Amino acid sequence: MVELKTATELAVMREAGRVVAQALAAVREAAGIGVSLAELDAVAAQVMADAGAKPSFLGYHPDWAPVPYPGVICASVNDAVVHGIPGRYRLRDGDLLSIDCGASIDGWHGDAAVSFVVGAADPADLALIAATEQALAAGIAAARPGAKMGDISAAIAAIGRASGYGVTEDHGGHGIGRAMHEDPPVPNDGRPGRGLRLRPGLVLALEPMFTRGGCDDYRHADDGWIVHTTDGTRASHSEHTVAITEAGPVVLTLP
Ligand code: MF3
Ligand code: CO
């Protein structure tokens, strides 16, 4: 069921989104060569604790996962697309890191992700990241009342395909509110003019993820969570939580 949010509810989601943005900024600031992913997880946890927000990911247990999610953030390095578990791995020069973060306030969630390179960047990685950011912006611009879900999906995929990037199948955005994952799904590929009509009060997490090698398929690591590219090439992921309002799209996950 698709739940539309009131202005009051959107205001609380905006607060949750602000904490998510702050946590992402703090993690990015802390992410240097030699820093472990577990240390970055602790940074995000501290920002949420200070803000009185609850981590959305920690303990989250969808039915396809073998164990509940053990982190506050997802930290996906290089060929990891999403859902990288923050463990002992220490960042190396040139790593492409995607950080995904969710937090709730009074039970209302925000969800966002950024990708960036640690240390000296391969220009091809920067181009890949720029593409997921452009796709996210294009998806947001398409999230207008009266438009269709397919308009968002098509806008996202078009940017990735134009550069020959892979668009990871079966992974995309989602409705968000009282639950982190709600209806409707937001596919990262689709046809303009098709699908659900977008209405004011609908809140969506848009999350393009592209792969450098052009592969659309993926495999789960042994831990059941981490999603890797099958060709070993690097992936980038960008995400915002966006409210559709009469006045157009409003990004909730900004500082
Ligand atoms: N933004 C990611 C998603 O919507 C967050 C995953 S959280 C996890 O899939 F808890 F499932 F890891
Ligand atoms: Co999400």
# chains A, B, ... in the order shown; residues from 1 in each chain; ligands from 1
$ residues_around --residues "Asp223 in chain A" --least-positions-apart "3" --cutoff "9 Å" --atoms "only C-alpha atoms" --output "PyMOL selection string"
chain A and resi 65-67+85+220+226
$ closest_atom_pairs --of "chain A" --to "ligand 2" --cutoff "7 Å" --atoms "only C-alpha atoms and all ligand atoms" --output "Markdown table"
| residue | atom | partner | partner_atom_place_in_ligand_line | distance |
| --- | --- | --- | --- | --- |
| A:Asp111 | CA | ligand 2 | 1 (Co) | 5.4 |
| A:Ala112 | CA | ligand 2 | 1 (Co) | 6.5 |
| A:Gly173 | CA | ligand 2 | 1 (Co) | 5.7 |
| A:His174 | CA | ligand 2 | 1 (Co) | 6.5 |
| A:Ala205 | CA | ligand 2 | 1 (Co) | 5.5 |
| A:Glu207 | CA | ligand 2 | 1 (Co) | 6.4 |
| A:Glu239 | CA | ligand 2 | 1 (Co) | 6.9 |
$ residues_near_ligand --ligand "ligand 1" --cutoff "10 Å" --atoms "only C-alpha atoms and all ligand atoms" --output "PyMOL selection string"
chain A and resi 55-62+65+68-75+82-85+99-102+110-113+171-176+180-182+205-207+225-226+237-241
$ residues_around --residues "Gly87 in chain A" --least-positions-apart "3" --cutoff "8 Å" --atoms "only C-alpha atoms" --output "ChimeraX atom specification"
/A:36-38
$ closest_residue --among "A:Gly201, A:Pro255, A:Gly139, A:Gly177" --to "Ser153 in chain A" --atoms "only C-alpha atoms"
A:Gly139
$ select_by_dssp --residues "range 55-223 of chain A" --states "strand (DSSP E)" --output "number ranges by chain"
A: 55, 73-77, 80-82, 96-105, 108-117, 166-167, 173-175, 182-186, 203-206, 209-211, 218-220
$ select_by_dssp --residues "range 42-251 of chain A" --states "helix (DSSP H, G or I)" --output "NGL selection string"
:A and (42-51 or 123-142 or 149-162)
$ write_last_selection --atoms "C-alpha atoms" --output "JSON list (two decimals), in the first residue's frame"
[["chain", "number", "residue", "atom", "x", "y", "z"],
["A", 42, "ALA", "CA", 31.16, 4.42, 14.79],
["A", 43, "VAL", "CA", 31.32, 7.99, 13.45],
["A", 44, "ALA", "CA", 27.81, 7.68, 11.99],
["A", 45, "ALA", "CA", 26.49, 6.05, 15.16],
["A", 46, "GLN", "CA", 27.82, 8.96, 17.24],
["A", 47, "VAL", "CA", 26.17, 11.61, 15.02],
["A", 48, "MET", "CA", 22.83, 9.80, 15.35],
["A", 49, "ALA", "CA", 23.18, 9.36, 19.11],
["A", 50, "ASP", "CA", 24.00, 13.08, 19.52],
["A", 51, "ALA", "CA", 20.91, 13.99, 17.47],
["A", 123, "PRO", "CA", 39.38, 9.99, -13.35],
["A", 124, "ALA", "CA", 37.19, 7.13, -14.62],
["A", 125, "ASP", "CA", 35.93, 6.61, -11.06],
["A", 126, "LEU", "CA", 35.13, 10.30, -10.74],
["A", 127, "ALA", "CA", 33.18, 10.16, -14.02],
["A", 128, "LEU", "CA", 31.23, 7.15, -12.76],
["A", 129, "ILE", "CA", 30.38, 8.94, -9.51],
["A", 130, "ALA", "CA", 29.39, 12.10, -11.40],
["A", 131, "ALA", "CA", 27.02, 9.98, -13.50],
["A", 132, "THR", "CA", 25.18, 8.52, -10.49],
["A", 133, "GLU", "CA", 24.89, 12.04, -9.08],
["A", 134, "GLN", "CA", 23.52, 13.35, -12.39],
["A", 135, "ALA", "CA", 21.11, 10.42, -12.57],
["A", 136, "LEU", "CA", 19.93, 11.16, -9.05],
["A", 137, "ALA", "CA", 19.38, 14.82, -9.99],
["A", 138, "ALA", "CA", 17.49, 13.77, -13.13],
["A", 139, "GLY", "CA", 15.33, 11.36, -11.11],
["A", 140, "ILE", "CA", 14.56, 14.08, -8.58],
["A", 141, "ALA", "CA", 13.64, 16.54, -11.36],
["A", 142, "ALA", "CA", 11.20, 13.95, -12.74],
["A", 149, "MET", "CA", 7.06, 6.39, -11.84],
["A", 150, "GLY", "CA", 8.43, 5.38, -15.23],
["A", 151, "ASP", "CA", 9.51, 8.98, -15.81],
["A", 152, "ILE", "CA", 11.83, 8.77, -12.80],
["A", 153, "SER", "CA", 13.14, 5.30, -13.73],
["A", 154, "ALA", "CA", 13.77, 6.23, -17.36],
["A", 155, "ALA", "CA", 15.53, 9.47, -16.39],
["A", 156, "ILE", "CA", 17.90, 7.55, -14.09],
["A", 157, "ALA", "CA", 18.73, 4.75, -16.54],
["A", 158, "ALA", "CA", 19.21, 7.11, -19.51],
["A", 159, "ILE", "CA", 22.15, 8.84, -17.79],
["A", 160, "GLY", "CA", 23.90, 5.56, -17.00],
["A", 161, "ARG", "CA", 23.31, 3.94, -20.38],
["A", 162, "ALA", "CA", 24.50, 7.07, -22.21]]
$ residues_around --residues "Gly232 in chain A" --least-positions-apart "5" --cutoff "10 Å" --atoms "only C-alpha atoms" --output "PyMOL selection string"
chain A and resi 78-80+211-213+215+218
$ closest_residue --among "A:Leu4, A:Val20, A:Val12, A:Val117" --to "Ile33 in chain A" --atoms "only C-alpha atoms"
A:Val117
$ atom_distance --atom1 "CA of Glu169 in chain A" --atom2 "CA of Ser236 in chain A"
14.1 Å
$ atom_distance --atom1 "CA of Arg199 in chain A" --atom2 "CA of Pro145 in chain A"
4.9 Å
$ closest_residue --among "A:Pro184, A:Leu202, A:Arg178, A:Ala31" --to "Ile105 in chain A" --atoms "only C-alpha atoms"
A:Arg178
$ closest_residue --among "A:Ala53, A:Asp95, A:Trp108, A:Tyr165" --to "Thr8 in chain A" --atoms "only C-alpha atoms"
A:Trp108
$ closest_residue --among "A:Gly107, A:Gly34, A:Gly52, A:Gly214" --to "Asp93 in chain A" --atoms "only C-alpha atoms"
A:Gly34
$ closest_residue --among "A:Thr253, A:Ser76, A:Thr168, A:Ser115" --to "Thr229 in chain A" --atoms "only C-alpha atoms"
A:Thr168
